[in-house]
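Structure file run-v7.cif (mmCIF, C-alpha atoms, pLDDT in the B column; chains and numbers go by the auth columns) follows.
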data_entry
loop_
_atom_site.group_PDB
_atom_site.id
_atom_site.type_symbol
_atom_site.label_atom_id
_atom_site.label_comp_id
_atom_site.label_asym_id
_atom_site.label_seq_id
_atom_site.Cartn_x
_atom_site.Cartn_y
_atom_site.Cartn_z
_atom_site.B_iso_or_equiv
_atom_site.auth_seq_id
_atom_site.auth_asym_id
ATOM 1 C CA MET A 1 130.411 75.911 72.148 42.00 63 M
ATOM 2 C CA ASN A 2 126.675 76.227 72.973 38.00 64 M
ATOM 3 C CA ARG A 3 127.206 74.226 76.176 39.00 65 M
ATOM 4 C CA THR A 4 129.927 76.648 77.295 40.00 66 M
ATOM 5 C CA ILE A 5 127.744 79.675 76.584 39.00 67 M
ATOM 6 C CA ARG A 6 124.789 78.128 78.452 37.00 68 M
ATOM 7 C CA ALA A 7 127.002 77.329 81.454 36.00 69 M
ATOM 8 C CA ALA A 8 128.336 80.890 81.496 36.00 70 M
ATOM 9 C CA VAL A 9 124.835 82.399 81.239 33.00 71 M
ATOM 10 C CA CYS A 10 123.559 80.120 84.030 36.00 72 M
ATOM 11 C CA SER A 11 126.511 81.078 86.249 36.00 73 M
ATOM 12 C CA VAL A 12 125.874 84.769 85.715 37.00 74 M
ATOM 13 C CA ALA A 13 122.135 84.300 86.405 37.00 75 M
ATOM 14 C CA VAL A 14 122.773 82.381 89.640 38.00 76 M
ATOM 15 C CA ALA A 15 125.328 84.948 90.811 39.00 77 M
ATOM 16 C CA GLY A 16 122.893 87.778 90.042 41.00 78 M
ATOM 17 C CA LEU A 17 120.086 86.040 91.911 37.00 79 M
ATOM 18 C CA ALA A 18 122.290 85.434 94.963 41.00 80 M
ATOM 19 C CA LEU A 19 123.452 89.049 94.949 40.00 81 M
ATOM 20 C CA GLY A 20 119.880 90.296 94.567 47.00 82 M
ATOM 21 C CA LEU A 21 118.615 88.186 97.460 43.00 83 M
ATOM 22 C CA SER A 22 121.389 89.312 99.797 49.00 84 M
ATOM 23 C CA SER A 23 120.774 92.925 98.773 53.00 85 M
ATOM 24 C CA CYS A 24 117.060 92.509 99.488 59.00 86 M
ATOM 25 C CA SER A 25 117.802 91.092 102.946 61.00 87 M
ATOM 26 C CA GLU A 26 120.174 93.956 103.674 67.00 88 M
ATOM 27 C CA ALA A 27 117.571 96.460 102.461 62.00 89 M
ATOM 28 C CA VAL A 28 114.943 94.989 104.826 61.00 90 M
ATOM 29 C CA ASP A 29 117.411 95.259 107.729 61.00 91 M
ATOM 30 C CA GLN A 30 118.187 98.892 106.818 61.00 92 M
ATOM 31 C CA VAL A 31 114.497 99.803 106.582 62.00 93 M
ATOM 32 C CA ASP A 32 113.804 98.107 109.913 58.00 94 M
ATOM 33 C CA LYS A 33 116.629 100.066 111.597 59.00 95 M
ATOM 34 C CA ALA A 34 115.401 103.320 110.059 53.00 96 M
ATOM 35 C CA VAL A 35 111.816 102.690 111.157 65.00 97 M
ATOM 36 C CA ASN A 36 112.500 102.489 114.868 75.00 98 M
ATOM 37 C CA GLU A 37 108.870 103.179 115.754 88.00 99 M
ATOM 38 C CA THR A 38 107.135 100.658 118.012 92.00 100 M
ATOM 39 C CA TYR A 39 103.543 99.526 118.121 95.00 101 M
ATOM 40 C CA GLU A 40 101.501 97.456 120.544 97.00 102 M
ATOM 41 C CA VAL A 41 99.150 94.600 119.685 98.00 103 M
ATOM 42 C CA THR A 42 97.097 92.220 121.767 98.00 104 M
ATOM 43 C CA TYR A 43 96.796 88.572 120.778 97.00 105 M
ATOM 44 C CA GLU A 44 93.669 86.671 121.805 96.00 106 M
ATOM 45 C CA VAL A 45 93.077 82.927 121.441 94.00 107 M
ATOM 46 C CA THR A 46 89.846 81.158 122.391 91.00 108 M
ATOM 47 C CA GLY A 47 88.643 77.618 121.821 86.00 109 M
ATOM 48 C CA LYS A 48 89.424 74.184 123.204 84.00 110 M
ATOM 49 C CA ASN A 49 92.097 71.464 122.973 82.00 111 M
ATOM 50 C CA ILE A 50 94.906 73.961 122.330 86.00 112 M
ATOM 51 C CA ASP A 51 98.282 72.534 123.431 88.00 113 M
ATOM 52 C CA SER A 52 100.508 75.528 122.773 92.00 114 M
ATOM 53 C CA ILE A 53 100.534 79.025 121.363 94.00 115 M
ATOM 54 C CA ASP A 54 103.488 80.468 119.439 96.00 116 M
ATOM 55 C CA PHE A 55 103.704 84.221 118.842 97.00 117 M
ATOM 56 C CA HIS A 56 105.968 87.074 117.800 96.00 118 M
ATOM 57 C CA GLY A 57 106.893 88.797 121.043 95.00 119 M
ATOM 58 C CA GLY A 58 109.056 91.618 119.704 92.00 120 M
ATOM 59 C CA ARG A 59 112.569 90.160 119.769 92.00 121 M
ATOM 60 C CA GLY A 60 114.679 89.319 116.746 89.00 122 M
ATOM 61 C CA LYS A 61 114.832 91.022 113.361 85.00 123 M
ATOM 62 C CA ALA A 62 111.861 92.341 111.437 82.00 124 M
ATOM 63 C CA MET A 63 111.728 89.483 108.964 79.00 125 M
ATOM 64 C CA GLU A 64 113.252 86.918 111.368 87.00 126 M
ATOM 65 C CA PRO A 65 111.335 87.447 114.604 90.00 127 M
ATOM 66 C CA LYS A 66 112.073 85.200 117.578 93.00 128 M
ATOM 67 C CA ILE A 67 109.111 82.970 118.291 95.00 129 M
ATOM 68 C CA GLU A 68 107.919 82.845 121.892 97.00 130 M
ATOM 69 C CA SER A 69 105.770 79.957 123.088 96.00 131 M
ATOM 70 C CA VAL A 70 103.290 79.137 125.847 97.00 132 M
ATOM 71 C CA SER A 71 102.548 75.457 126.625 96.00 133 M
ATOM 72 C CA LYS A 72 99.149 74.304 127.848 93.00 134 M
ATOM 73 C CA PRO A 73 97.656 77.812 127.910 94.00 135 M
ATOM 74 C CA GLU A 74 94.596 78.552 129.965 94.00 136 M
ATOM 75 C CA LEU A 75 91.859 79.607 127.549 92.00 137 M
ATOM 76 C CA PRO A 76 90.771 82.216 126.754 95.00 138 M
ATOM 77 C CA TRP A 77 94.391 83.420 126.397 97.00 139 M
ATOM 78 C CA LYS A 78 95.430 87.049 125.934 98.00 140 M
ATOM 79 C CA LYS A 79 98.874 88.643 125.580 98.00 141 M
ATOM 80 C CA THR A 80 99.878 92.237 124.786 98.00 142 M
ATOM 81 C CA VAL A 81 103.284 92.709 123.141 97.00 143 M
ATOM 82 C CA THR A 82 105.312 95.601 121.771 96.00 144 M
ATOM 83 C CA LEU A 83 106.676 95.075 118.274 94.00 145 M
ATOM 84 C CA ARG A 84 109.145 97.278 116.421 89.00 146 M
ATOM 85 C CA GLY A 85 109.350 98.629 112.905 87.00 147 M
ATOM 86 C CA ILE A 86 108.067 96.444 110.114 89.00 148 M
ATOM 87 C CA MET A 87 107.887 93.242 112.201 92.00 149 M
ATOM 88 C CA PRO A 88 104.554 91.519 111.510 94.00 150 M
ATOM 89 C CA ALA A 89 102.238 90.548 114.344 96.00 151 M
ATOM 90 C CA ALA A 90 101.582 86.791 114.456 96.00 152 M
ATOM 91 C CA VAL A 91 99.958 84.291 116.800 96.00 153 M
ATOM 92 C CA MET A 92 99.772 80.546 116.057 93.00 154 M
ATOM 93 C CA PRO A 93 97.745 78.182 118.286 90.00 155 M
ATOM 94 C CA VAL A 94 98.616 74.462 117.948 85.00 156 M
ATOM 95 C CA ALA A 95 96.515 71.396 118.832 79.00 157 M
ATOM 96 C CA ALA A 96 98.355 68.061 119.282 71.00 158 M
ATOM 97 C CA ASP A 97 95.039 66.164 119.272 71.00 159 M
ATOM 98 C CA PRO A 98 93.156 67.781 116.401 64.00 160 M
ATOM 99 C CA GLU A 99 89.970 65.733 116.868 68.00 161 M
ATOM 100 C CA GLY A 100 87.328 68.136 118.113 66.00 162 M
ATOM 101 C CA SER A 101 89.647 71.091 118.510 70.00 163 M
ATOM 102 C CA GLN A 102 88.317 74.575 117.931 77.00 164 M
ATOM 103 C CA LEU A 103 90.088 77.871 117.858 85.00 165 M
ATOM 104 C CA THR A 104 89.724 81.527 117.139 90.00 166 M
ATOM 105 C CA CYS A 105 92.676 83.879 117.104 93.00 167 M
ATOM 106 C CA LYS A 106 92.631 87.652 116.906 96.00 168 M
ATOM 107 C CA ILE A 107 95.187 90.409 116.596 97.00 169 M
ATOM 108 C CA ILE A 108 94.001 93.704 118.039 97.00 170 M
ATOM 109 C CA TYR A 109 95.649 97.080 117.377 97.00 171 M
ATOM 110 C CA LYS A 110 94.387 100.236 119.090 97.00 172 M
ATOM 111 C CA GLY A 111 91.168 98.477 120.109 97.00 173 M
ATOM 112 C CA LYS A 112 90.402 97.333 116.558 97.00 174 M
ATOM 113 C CA VAL A 113 90.625 93.720 115.292 97.00 175 M
ATOM 114 C CA ILE A 114 93.093 93.786 112.382 96.00 176 M
ATOM 115 C CA GLU A 115 93.156 90.000 111.806 95.00 177 M
ATOM 116 C CA GLU A 116 90.892 87.138 112.871 94.00 178 M
ATOM 117 C CA GLN A 117 90.790 83.456 111.943 91.00 179 M
ATOM 118 C CA SER A 118 88.635 80.560 113.171 87.00 180 M
ATOM 119 C CA ALA A 119 88.742 76.813 112.616 80.00 181 M
ATOM 120 C CA ASP A 120 86.772 73.790 113.833 72.00 182 M
ATOM 121 C CA GLY A 121 87.306 70.045 113.614 58.00 183 M
ATOM 122 C CA LEU A 122 90.621 68.619 112.506 52.00 184 M
ATOM 123 C CA VAL A 123 92.760 71.585 113.466 53.00 185 M
ATOM 124 C CA THR A 124 96.468 70.954 114.095 56.00 186 M
ATOM 125 C CA ALA A 125 97.745 74.486 113.572 60.00 187 M
ATOM 126 C CA GLY A 126 96.295 77.750 112.536 67.00 188 M
ATOM 127 C CA GLY A 127 96.951 81.318 113.171 87.00 189 M
ATOM 128 C CA CYS A 128 96.742 84.969 112.450 92.00 190 M
ATOM 129 C CA THR A 129 99.357 87.171 110.845 92.00 191 M
ATOM 130 C CA ALA A 130 99.043 90.898 110.249 94.00 192 M
ATOM 131 C CA GLU A 131 101.331 93.439 108.606 93.00 193 M
ATOM 132 C CA SER A 132 102.886 96.066 110.764 90.00 194 M
ATOM 133 C CA PRO A 133 100.521 99.058 110.921 89.00 195 M
ATOM 134 C CA ILE A 134 103.619 101.254 110.612 83.00 196 M
ATOM 135 C CA THR A 135 103.927 100.191 106.949 74.00 197 M
ATOM 136 C CA GLU A 136 100.457 101.453 106.063 68.00 198 M
#

Let me see the structure of the file written as structure tokens.
Amino acid sequence: MNRTIRAAVCSVAVAGLALGLSSCSEAVDQVDKAVNETYEVTYEVTGKNIDSIDFHGGRGKAMEPKIESVSKPELPWKKTVTLRGIMPAAVMPVAADPEGSQLTCKIIYKGKVIEEQSADGLVTAGGCTAESPITE
């Protein structure tokens, strides 16, 4: 009898969790559609031995942005993008040969640095991510 009750309780809990997660995802999509405001950020990456740079370029959904990529970028690298709604700004430099790599990434909004990260030495990936300023 206890085993049956436990199985039933677990089933209800799993169903509730699944329903809650799908509702949360739908809520994020609804908020993103409602907040149709755009904002512009500039990504900057400096350093050496950077093989590629991945970044949110403004396409996709707020919480599932499409990642754009640049291979063998000329450094210093700078890109201005327009993002929409609650989509976070993100730039991720990658070094295939981490020995001696260095990097600094910045996200700039309205002339002000809103996120900055630096790393030296055995860097394989790093990056900067910032919340949408629209959510503040």

Polymer residues at most 10 Å from Lys141 (chain M), all atoms listed in the file, same-chain spacing of 4 or more positions, as a PyMOL selection string: chain M and resi 103-107+117+119+153+169

Test item: the PyMOL selection byres ((chain M and resi 144) around 9) resolved as a PyMOL selection string: chain M and resi 100-104+119-120+142-143+145-146

M:Ile148, M:Leu137, M:Met154, M:Ile196 ranked by distance to Gly109 (chain M), top pick (using only C-alpha atoms): M:Leu137

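Considering the residues M:Lys123, M:Lys174, M:Lys110, M:Lys168 and counting only C-alpha atoms, Pro135 (chain M) has its shortest atom-to-atom contact with M:Lys110.
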
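Minimum atom-to-atom distance to Pro150 (chain M), evaluated using all atoms listed in the file, belongs to M:Ala124 out of M:Ala124, M:Gly189, M:Ala181, M:Asn98.
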
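Going from CA of Glu130 (chain M) to CA of Ile115 (chain M) covers 8.3 Å.
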
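Residue nearest Ser114 (chain M) within the list M:Ser163, M:Thr191, M:Ser133, M:Thr197: M:Ser133 [criterion: smallest interatomic distance, all atoms listed in the file].
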
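For the pair CA of Glu99 (chain M) and CA of Pro195 (chain M), the interatomic distance is 10.5 Å.
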
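Checking M:Glu193, M:Ile170, M:Pro138, M:Val156 one by one against Met125 (chain M), counting all atoms listed in the file, you find the shortest gap at M:Glu193.
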
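Here CA of Tyr171 (chain M) is placed at a distance of 29.2 Å from CA of Ala158 (chain M).
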
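Between Thr166 (chain M) and the residues M:Glu136, M:Ser131, M:Asp182, M:Ala151, the shortest atom-to-atom distance, using only C-alpha atoms, involves M:Asp182.
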
Reference answer for the PyMOL selection byres ((chain M and resi 178) around 8), as a list in words: Thr166, Cys167, Lys168, Ile169, Val175, Ile176, Glu177, Gln179, Ser180 and Cys190 of chain M
